[in-house]
Structures are given as C-alpha cells and as structure tokens.
Protein chains: 2
Amino acid sequence: MFKTFRDYITQTGSFTAKELEMMAATSVTRQVRKKQFLQQEGEVSISMNFILKGCMRMYRVDEQGHEHILTFAIENWWISDKESFMTGNPSKYFIDALEDCQLLMWQKEDFGRLLQQIPAFFVSIQKFVVAKSIALHDRLYETLSYSADEKYHNFIKTYPDVFNRVPLQMIASYLGVSRETLSRVRNQHAYK
Amino acid sequence: MFKTFRDYITQTGSFTAKELEMMAATSVTRQVRKKQFLQQEGEVSISMNFILKGCMRMYRVDEQGHEHILTFAIENWWISDKESFMTGNPSKYFIDALEDCQLLMWQKEDFGRLLQQIPAFFVSIQKFVVAKSIALHDRLYETLSYSADEKYHNFIKTYPDVFNRVPLQMIASYLGVSRETLSRVRNQHAYK
DNA sequence: CGATTCTTTGAAAACAGTCAATCTGTGTGG
DNA sequence: CCACACAGATTGACTGTTTTCAAAGAATCG
C-alpha cells in the first residue's frame, strides 16, 4: 500500500528510512468506490488525500444545479479541499470517485507535524503547491481567452492521461462548455 | 516610506523592532509612473513587490494581440509573477501601472532570508498565499458558471475599491467579456 | 481647446446553450 | 446468451447570448 507513495515521494526529494517510517505510521488507507463521495459541500476538510489508484474529481454545484468541475485527479496526485483544510470553513466543493479508488490519507495534525519535522517533505509539498498555482493561472487564462475548440484540444494535450479515463461530459464541465458543444467541436474536426 | 508597510505587516502578525528593521534594511522603494512597466513578457522575475501607493495590473497577451488581465493590485497588495520568481523561467505576463505607483521591493535572496529568519513573516506570507489561492479558485468557478451580468455585479461586490479606479474596458478584460458586452450589461440594469 | 482615451450604441454575424430525440456501447439479470 | 436498462454521446432545430465591426458620443488631460 504505502510503497506506491514511497516511490512517488522519493522522486520528489531525499528521505531517510526514519522519515519514511514517520509518513507511513501516520497514514491511513481508504477505499472509495466509484460514485461515492470523499467529501460533500458543507463538510469541513480535515485530511490530506493522496491517490494511490483511481480517478476523482472536485466540483461545485450552482443555483441551477449544474456541476462545474474544478479539478480531476489520478494516481500520484493530491486531492483535497485545501481551502476548507486551511481555514476550517465548511467546503463549497464535492469530491467523488469516477473509478474505484485507493487513497492514502493524513489527518490535519499529523500532516502538519510531518511538514515541520521533515524539511524535505515540506519542500516537496511546497513544489507541488507552486506547480498547482501555475497550472491554475494557466487554466484561468485559457478559460478567459480560448474558444471551445481550443480549450478542448489544449486539454487533450495537457492531460492526455485524464482525457481517456473520464466521460466527455465531464471534460465539458471542466472546460465550461455544454456537452453538446463539446460533441460538435469534436466532430467538426473529423471532416477538416 | 517604510511606515505604510510596517502598518500593514504588523496587522498580520507580531514582529520585534529588530525584525522590522531587517525588513526595512533589505527593502528598496521604487516609483513606477502610469503606463510604465514593472515587468514585461520574457523577463525573469527576481523581486517581490508590495504596493505602497497606486494601482497595477498583471496581464497576458494572446496571439491575436488581445490583453487578458489576471490580476489587479492596489495599496497593501503584493504584485509579483510568483511563477517566474519561483521557477526562474521567463515570465508570460506583463505588469504595468494604471496610476503613478510607489512600490516596496525585495530581491529574491533577501526575501527568502526574511522568510527563514522571521517565523511570523513566514506565517503572514503563507496566509496571503492561501487567501490568493482561495480567491483564484472562486474566480475560476465564477468564470465557468456566471453570465456576463453576474460576473460584473460580483466584481463590484468583491472589489469595490478596484472598480472605481480602473477603466471599464479593463474590468471587461478581467472578466473575460468584450467591453461592448460589459457596457450593455451595465445599461440594461439602469432600466430595470 | 484639441487630442487622446474611454464608453456607448447599432446592426450583423458567430458562437454556444437548450430541449428533445436518437444512437451507441456496456453491463446486468433472467 | 439474449434482452433490457442505463449511462454516455451525438444530432437537429431553435433560441439566446456574446462578439465583431463601425461609428458616434462622453470624459479627461495637457
């Protein structure tokens, strides 16, 4: 179980056996079956979650009941509502499983302790946070400036491994276009 | 000069006279006149910048030459291309002044040293980064799910102090709609 | 006051959304 | 193994919103 995570984390920095042991000791594994929720709107997030296996999404529901996907996550990605985790406020987001999933989880206090006591872990997480921030800025720019067509092709290029695992209607939701529009965009290209 | 910053930073945490002296000693003030650039695309960002006075924007230019504003910033806000600052890669963004500005700047090495040596400073910056991340997620959600009308009114509500300082066409650029559409959205409401 | 910048308006065209129906593929239970 | 149900994808017709282009009207600044 923990091995997958160890392979991941040792690629992001150097850790002693003792440090790895600390991480393992405080982690908990959990199964989340397809369509089950890891978190629902209104709940307070108290764990950091790492995907060992499977695929999840984080989304928000508007007044008309439409879902808007903020993030997909697959193996070797963290999926958490950092906002609720950091502030202690109720979450605005749902997180559910698009496939049967296996997670590695840390409680808030344990995670904070790891960050304090293992400098290399802190650096790894820091790097991840920076990368996320860059990706988020890029995505905002793309959402502001790209057409439906450009958004779609950019998504395939940027996340090929997500593209072939999730239904198209969810990609449409992620891109901020209707599934019908996405469908048409795809078929335009078949005849050009 | 430094007083404005001291007032700000002491509101975010507790600092000793010596710590404040360290911050002051490593800071540099700089004037940027309206329409002048603090940073242009392709340059590497090597400073963290705090606005003492004035208003700036960070934007990106697409292939058609259209500007897309990612951020506005006014007094007591940081304005930097964190991406280029952290990675050392050339920036994708322009930063320029919408009014005559007065900045307080720290070089990369000095800023890193402050973060290491002044725990309360680290915590303050951390809080700021978290707040920015939350705001960015909210904005992405709004961009995905709101109509032009909703985006506009939400902007006024969220950033009233920015709203009455920048031209409407820039708010349009920020919201991802054309200035004509924004103009129409505004005048619709005058007769409802 | 003239020049520049910003905002508004109109008309046409492009684009995307909605609703409804159909088609496709997958998996489940009989 | 087949039939059926179900989720997902596509298509057509229509509607509504937003963009674009062009022009004119405010507002601001030197």
# chains A, B, ... in the order shown; residues from 1 in each chain; ligands from 1
$ select_by_dssp --residues "chain B" --states "alpha helix (DSSP H)" --output "JSON, numbers by chain"
{"B": [2, 3, 4, 5, 6, 7, 8, 9, 10, 11, 12, 17, 18, 19, 20, 21, 22, 23, 24, 25, 26, 82, 83, 84, 85, 86, 87, 108, 109, 110, 111, 112, 113, 114, 115, 116, 117, 119, 120, 121, 122, 123, 124, 125, 126, 127, 128, 129, 130, 131, 132, 133, 134, 135, 136, 137, 138, 139, 140, 141, 142, 143, 144, 145, 148, 149, 150, 151, 152, 153, 154, 155, 156, 157, 158, 160, 161, 162, 163, 168, 169, 170, 171, 172, 173, 174, 175, 179, 180, 181, 182, 183, 184, 185, 186, 187, 188, 189, 190]}
$ interface_residues --of "chain D" --to "chain B" --cutoff "12 Å" --atoms "only C-alpha atoms (C1' of nucleotides)" --output "PDB file with N, CA and C atoms (P, O5', C5', C4', C3', O3' and C1' of nucleotides), in the first residue's frame"
ATOM      1  P    DT D  17     -30.578  35.728 -23.152  1.00  0.00           P
ATOM      2  O5'  DT D  17     -28.992  35.775 -23.107  1.00  0.00           O
ATOM      3  C5'  DT D  17     -28.259  34.560 -22.986  1.00  0.00           C
ATOM      4  C4'  DT D  17     -26.918  34.703 -23.659  1.00  0.00           C
ATOM      5  C3'  DT D  17     -26.196  36.018 -23.364  1.00  0.00           C
ATOM      6  O3'  DT D  17     -24.985  35.687 -22.756  1.00  0.00           O
ATOM      7  C1'  DT D  17     -26.093  35.483 -25.663  1.00  0.00           C
ATOM      8  P    DT D  18     -23.990  36.777 -22.149  1.00  0.00           P
ATOM      9  O5'  DT D  18     -22.948  36.977 -23.339  1.00  0.00           O
ATOM     10  C5'  DT D  18     -22.212  35.848 -23.791  1.00  0.00           C
ATOM     11  C4'  DT D  18     -21.413  36.241 -25.013  1.00  0.00           C
ATOM     12  C3'  DT D  18     -20.650  37.557 -24.873  1.00  0.00           C
ATOM     13  O3'  DT D  18     -19.278  37.278 -25.006  1.00  0.00           O
ATOM     14  C1'  DT D  18     -21.810  37.442 -26.948  1.00  0.00           C
ATOM     15  P    DT D  19     -18.171  38.386 -25.235  1.00  0.00           P
ATOM     16  O5'  DT D  19     -18.035  38.447 -26.815  1.00  0.00           O
ATOM     17  C5'  DT D  19     -17.709  37.243 -27.519  1.00  0.00           C
ATOM     18  C4'  DT D  19     -17.515  37.549 -28.991  1.00  0.00           C
ATOM     19  C3'  DT D  19     -16.520  38.669 -29.285  1.00  0.00           C
ATOM     20  O3'  DT D  19     -15.600  38.211 -30.258  1.00  0.00           O
ATOM     21  C1'  DT D  19     -18.590  39.095 -30.363  1.00  0.00           C
ATOM     22  P    DT D  20     -14.343  39.063 -30.661  1.00  0.00           P
ATOM     23  O5'  DT D  20     -14.790  39.816 -31.993  1.00  0.00           O
ATOM     24  C5'  DT D  20     -15.407  39.082 -33.040  1.00  0.00           C
ATOM     25  C4'  DT D  20     -15.945  40.045 -34.085  1.00  0.00           C
ATOM     26  C3'  DT D  20     -15.038  41.244 -34.370  1.00  0.00           C
ATOM     27  O3'  DT D  20     -14.727  41.243 -35.753  1.00  0.00           O
ATOM     28  C1'  DT D  20     -17.293  41.909 -34.053  1.00  0.00           C
ATOM     29  P    DC D  21     -13.528  42.065 -36.371  1.00  0.00           P
ATOM     30  O5'  DC D  21     -14.286  43.301 -37.056  1.00  0.00           O
ATOM     31  C5'  DC D  21     -15.409  43.045 -37.900  1.00  0.00           C
ATOM     32  C4'  DC D  21     -16.176  44.326 -38.145  1.00  0.00           C
ATOM     33  C3'  DC D  21     -15.293  45.575 -38.296  1.00  0.00           C
ATOM     34  O3'  DC D  21     -15.680  46.237 -39.492  1.00  0.00           O
ATOM     35  C1'  DC D  21     -17.054  45.966 -36.775  1.00  0.00           C
ATOM     36  P    DA D  27     -20.053  62.827 -19.422  1.00  0.00           P
ATOM     37  O5'  DA D  27     -18.500  62.605 -19.158  1.00  0.00           O
ATOM     38  C5'  DA D  27     -17.987  61.285 -19.146  1.00  0.00           C
ATOM     39  C4'  DA D  27     -16.491  61.344 -19.170  1.00  0.00           C
ATOM     40  C3'  DA D  27     -15.901  62.447 -18.285  1.00  0.00           C
ATOM     41  O3'  DA D  27     -15.090  61.829 -17.323  1.00  0.00           O
ATOM     42  C1'  DA D  27     -14.891  62.411 -20.442  1.00  0.00           C
TER      43       DA D  27
END
$ closest_atom_pairs --of "chain A" --to "chain B" --cutoff "12 Å" --atoms "only C-alpha atoms" --output "CSV"
residue,atom,partner,partner_atom,distance
A:Met58,CA,B:His137,CA,11.5
A:Tyr59,CA,B:Tyr141,CA,9.2
A:Arg60,CA,B:Tyr141,CA,7.9
A:Val61,CA,B:Ser145,CA,9.4
A:Asp62,CA,B:Ser145,CA,7.4
A:Glu63,CA,B:Ser145,CA,9.9
A:Gln64,CA,B:Ser145,CA,10.0
A:Gly65,CA,B:Ser145,CA,10.9
A:His66,CA,B:Ser145,CA,8.5
A:Glu67,CA,B:Ser145,CA,9.0
A:His68,CA,B:Ser145,CA,7.2
A:Ile69,CA,B:Tyr141,CA,8.5
A:Leu70,CA,B:Tyr141,CA,7.2
A:Thr71,CA,B:His137,CA,10.2
A:Asp81,CA,B:Ile134,CA,10.0
A:Lys82,CA,B:Ile134,CA,8.5
A:Glu83,CA,B:Ile134,CA,6.1
A:Ser84,CA,B:Ile134,CA,9.5
A:Phe85,CA,B:Val130,CA,10.6
A:Met86,CA,B:Val130,CA,7.8
A:Thr87,CA,B:Val130,CA,8.9
A:Asn89,CA,B:Ile134,CA,11.8
A:Ser91,CA,B:Ile134,CA,11.4
A:Lys92,CA,B:Asp138,CA,9.7
A:Tyr93,CA,B:Tyr141,CA,10.7
A:Gln126,CA,B:Met86,CA,10.5
A:Lys127,CA,B:Met86,CA,9.2
A:Phe128,CA,B:Met86,CA,12.0
A:Val129,CA,B:Ser133,CA,9.7
A:Val130,CA,B:Glu83,CA,7.5
A:Ala131,CA,B:Glu83,CA,8.5
A:Lys132,CA,B:Ser133,CA,9.6
A:Ser133,CA,B:Ser133,CA,7.3
A:Ile134,CA,B:Glu83,CA,6.1
A:Ala135,CA,B:Glu83,CA,9.8
A:Leu136,CA,B:Leu136,CA,7.7
A:His137,CA,B:Leu70,CA,7.8
A:Asp138,CA,B:Lys92,CA,9.7
A:Arg139,CA,B:Leu140,CA,8.3
A:Leu140,CA,B:Leu140,CA,6.1
A:Tyr141,CA,B:His68,CA,7.2
A:Glu142,CA,B:His68,CA,9.7
A:Thr143,CA,B:Thr143,CA,7.5
A:Leu144,CA,B:Gly176,CA,4.9
A:Ser145,CA,B:Gly176,CA,7.1
A:Tyr146,CA,B:Asp62,CA,9.2
A:Ser147,CA,B:Gly176,CA,11.6
A:Ala172,CA,B:Leu144,CA,10.8
A:Ser173,CA,B:Leu144,CA,8.6
A:Tyr174,CA,B:Leu144,CA,8.3
A:Leu175,CA,B:Leu144,CA,7.6
A:Gly176,CA,B:Leu144,CA,5.0
A:Val177,CA,B:Leu144,CA,8.3
A:Ser178,CA,B:Leu144,CA,11.0
$ write_last_selection --atoms "C-alpha atoms" --output "CSV table (one decimal), in the first residue's frame"
chain,number,residue,atom,x,y,z
A,58,MET,CA,-13.7,18.0,-7.3
A,59,TYR,CA,-16.7,20.1,-8.3
A,60,ARG,CA,-19.1,22.7,-7.2
A,61,VAL,CA,-22.9,22.9,-7.9
A,62,ASP,CA,-24.5,26.2,-8.9
A,63,GLU,CA,-28.0,27.5,-8.1
A,64,GLN,CA,-29.4,25.9,-11.2
A,65,GLY,CA,-28.0,22.6,-10.1
A,66,HIS,CA,-25.2,22.5,-12.7
A,67,GLU,CA,-22.0,20.9,-11.8
A,68,HIS,CA,-18.7,22.7,-12.5
A,69,ILE,CA,-15.6,20.6,-12.2
A,70,LEU,CA,-12.6,22.4,-10.7
A,71,THR,CA,-10.1,19.5,-10.7
A,81,ASP,CA,-10.1,20.9,-0.5
A,82,LYS,CA,-7.1,22.9,0.7
A,83,GLU,CA,-9.4,25.9,1.3
A,84,SER,CA,-11.5,24.1,3.9
A,85,PHE,CA,-8.5,22.3,5.2
A,86,MET,CA,-6.6,25.5,5.9
A,87,THR,CA,-9.4,27.8,7.1
A,89,ASN,CA,-14.6,26.6,7.0
A,91,SER,CA,-16.4,23.2,2.0
A,92,LYS,CA,-18.0,24.6,-1.1
A,93,TYR,CA,-17.0,21.5,-3.0
A,126,GLN,CA,5.9,23.4,-1.5
A,127,LYS,CA,6.9,22.5,-5.0
A,128,PHE,CA,3.6,20.8,-5.6
A,129,VAL,CA,1.7,23.9,-4.3
A,130,VAL,CA,3.7,26.1,-6.7
A,131,ALA,CA,3.0,23.8,-9.6
A,132,LYS,CA,-0.7,23.8,-8.8
A,133,SER,CA,-0.8,27.6,-8.6
A,134,ILE,CA,0.9,27.9,-12.0
A,135,ALA,CA,-1.5,25.4,-13.6
A,136,LEU,CA,-4.4,27.3,-12.1
A,137,HIS,CA,-3.2,30.6,-13.5
A,138,ASP,CA,-2.7,28.9,-16.9
A,139,ARG,CA,-6.2,27.5,-16.8
A,140,LEU,CA,-7.8,30.8,-15.9
A,141,TYR,CA,-6.0,32.4,-18.8
A,142,GLU,CA,-7.2,29.6,-21.1
A,143,THR,CA,-10.7,29.9,-19.8
A,144,LEU,CA,-10.7,33.6,-20.5
A,145,SER,CA,-9.1,33.6,-23.9
A,146,TYR,CA,-9.6,30.3,-25.7
A,147,SER,CA,-12.6,29.2,-27.8
A,172,ALA,CA,-17.2,19.6,-21.0
A,173,SER,CA,-18.0,20.6,-17.4
A,174,TYR,CA,-14.3,21.2,-16.7
A,175,LEU,CA,-13.9,23.3,-19.7
A,176,GLY,CA,-17.0,25.3,-19.0
A,177,VAL,CA,-18.9,24.4,-22.2
A,178,SER,CA,-22.1,22.2,-22.7
$ interface_residues --of "chain B" --to "chain C" --cutoff "9 Å" --atoms "only C-alpha atoms (C1' of nucleotides)" --output "PDB file with N, CA and C atoms, in the first residue's frame"
ATOM      1  N   PRO B 167     -10.463  51.672 -15.609  1.00  0.00           N
ATOM      2  CA  PRO B 167     -11.396  51.806 -16.732  1.00  0.00           C
ATOM      3  C   PRO B 167     -12.245  50.553 -16.904  1.00  0.00           C
ATOM      4  N   LEU B 168     -13.461  50.739 -17.377  1.00  0.00           N
ATOM      5  CA  LEU B 168     -14.375  49.610 -17.558  1.00  0.00           C
ATOM      6  C   LEU B 168     -13.839  48.574 -18.533  1.00  0.00           C
ATOM      7  N   GLN B 169     -13.128  49.036 -19.552  1.00  0.00           N
ATOM      8  CA  GLN B 169     -12.617  48.076 -20.526  1.00  0.00           C
ATOM      9  C   GLN B 169     -11.630  47.104 -19.883  1.00  0.00           C
ATOM     10  N   ARG B 179     -15.639  44.750 -24.119  1.00  0.00           N
ATOM     11  CA  ARG B 179     -16.095  45.975 -23.444  1.00  0.00           C
ATOM     12  C   ARG B 179     -17.504  46.333 -23.883  1.00  0.00           C
ATOM     13  N   GLU B 180     -17.859  46.038 -25.136  1.00  0.00           N
ATOM     14  CA  GLU B 180     -19.211  46.340 -25.602  1.00  0.00           C
ATOM     15  C   GLU B 180     -20.251  45.580 -24.785  1.00  0.00           C
ATOM     16  N   SER B 183     -20.585  47.089 -21.396  1.00  0.00           N
ATOM     17  CA  SER B 183     -21.339  48.338 -21.478  1.00  0.00           C
ATOM     18  C   SER B 183     -22.842  48.070 -21.539  1.00  0.00           C
ATOM     19  N   ARG B 184     -23.221  47.090 -22.337  1.00  0.00           N
ATOM     20  CA  ARG B 184     -24.651  46.772 -22.474  1.00  0.00           C
ATOM     21  C   ARG B 184     -25.221  46.204 -21.173  1.00  0.00           C
TER      22      ARG B 184
END
$ select_by_dssp --residues "range 25-123 of chain B" --states "strand (DSSP E or B)" --output "JSON list (two decimals) with C-alpha atoms, in the first residue's frame"
[["chain", "number", "residue", "atom", "x", "y", "z"],
["B", 28, "VAL", "CA", 14.04, 49.21, -1.80],
["B", 29, "THR", "CA", 11.42, 51.76, -2.81],
["B", 30, "ARG", "CA", 10.67, 52.46, -6.42],
["B", 31, "GLN", "CA", 8.41, 54.73, -8.39],
["B", 32, "VAL", "CA", 6.55, 53.42, -11.40],
["B", 37, "PHE", "CA", 6.09, 48.52, -16.97],
["B", 38, "LEU", "CA", 7.28, 46.80, -13.86],
["B", 39, "GLN", "CA", 7.76, 43.63, -15.85],
["B", 47, "SER", "CA", 11.71, 40.60, -6.80],
["B", 48, "MET", "CA", 8.69, 40.55, -4.54],
["B", 49, "ASN", "CA", 6.78, 43.81, -4.83],
["B", 50, "PHE", "CA", 4.44, 45.48, -2.40],
["B", 51, "ILE", "CA", 2.26, 48.40, -3.43],
["B", 52, "LEU", "CA", 2.53, 51.37, -1.07],
["B", 53, "LYS", "CA", 0.51, 53.62, -3.33],
["B", 55, "CYS", "CA", -2.76, 50.57, -8.83],
["B", 56, "MET", "CA", -1.26, 47.95, -11.11],
["B", 57, "ARG", "CA", -2.35, 45.08, -13.29],
["B", 58, "MET", "CA", -0.84, 41.80, -14.45],
["B", 59, "TYR", "CA", -1.94, 40.60, -17.86],
["B", 60, "ARG", "CA", -1.11, 38.31, -20.71],
["B", 61, "VAL", "CA", -1.36, 38.91, -24.45],
["B", 67, "GLU", "CA", -4.92, 41.52, -23.43],
["B", 68, "HIS", "CA", -6.28, 39.32, -20.66],
["B", 69, "ILE", "CA", -5.95, 40.70, -17.15],
["B", 70, "LEU", "CA", -5.16, 38.12, -14.49],
["B", 71, "THR", "CA", -4.86, 40.43, -11.51],
["B", 72, "PHE", "CA", -5.37, 43.95, -10.31],
["B", 73, "ALA", "CA", -3.49, 45.17, -7.26],
["B", 74, "ILE", "CA", -3.78, 48.29, -5.14],
["B", 78, "TRP", "CA", 1.67, 42.14, -3.33],
["B", 94, "PHE", "CA", 3.19, 41.96, -18.28],
["B", 95, "ILE", "CA", 2.85, 44.08, -15.16],
["B", 96, "ASP", "CA", 2.23, 47.77, -15.60],
["B", 97, "ALA", "CA", 0.97, 50.76, -13.64],
["B", 101, "CYS", "CA", 2.79, 53.93, -8.13],
["B", 102, "GLN", "CA", 5.11, 53.65, -5.20],
["B", 103, "LEU", "CA", 6.49, 50.19, -4.54],
["B", 104, "LEU", "CA", 8.48, 48.45, -1.86],
["B", 105, "MET", "CA", 10.64, 45.70, -3.30],
["B", 106, "TRP", "CA", 12.75, 42.82, -2.02],
["B", 107, "GLN", "CA", 15.25, 40.85, -4.02]]
$ atom_distance --atom1 "CA of Asp149 in chain B" --atom2 "CA of Gln188 in chain B"
9.4 Å
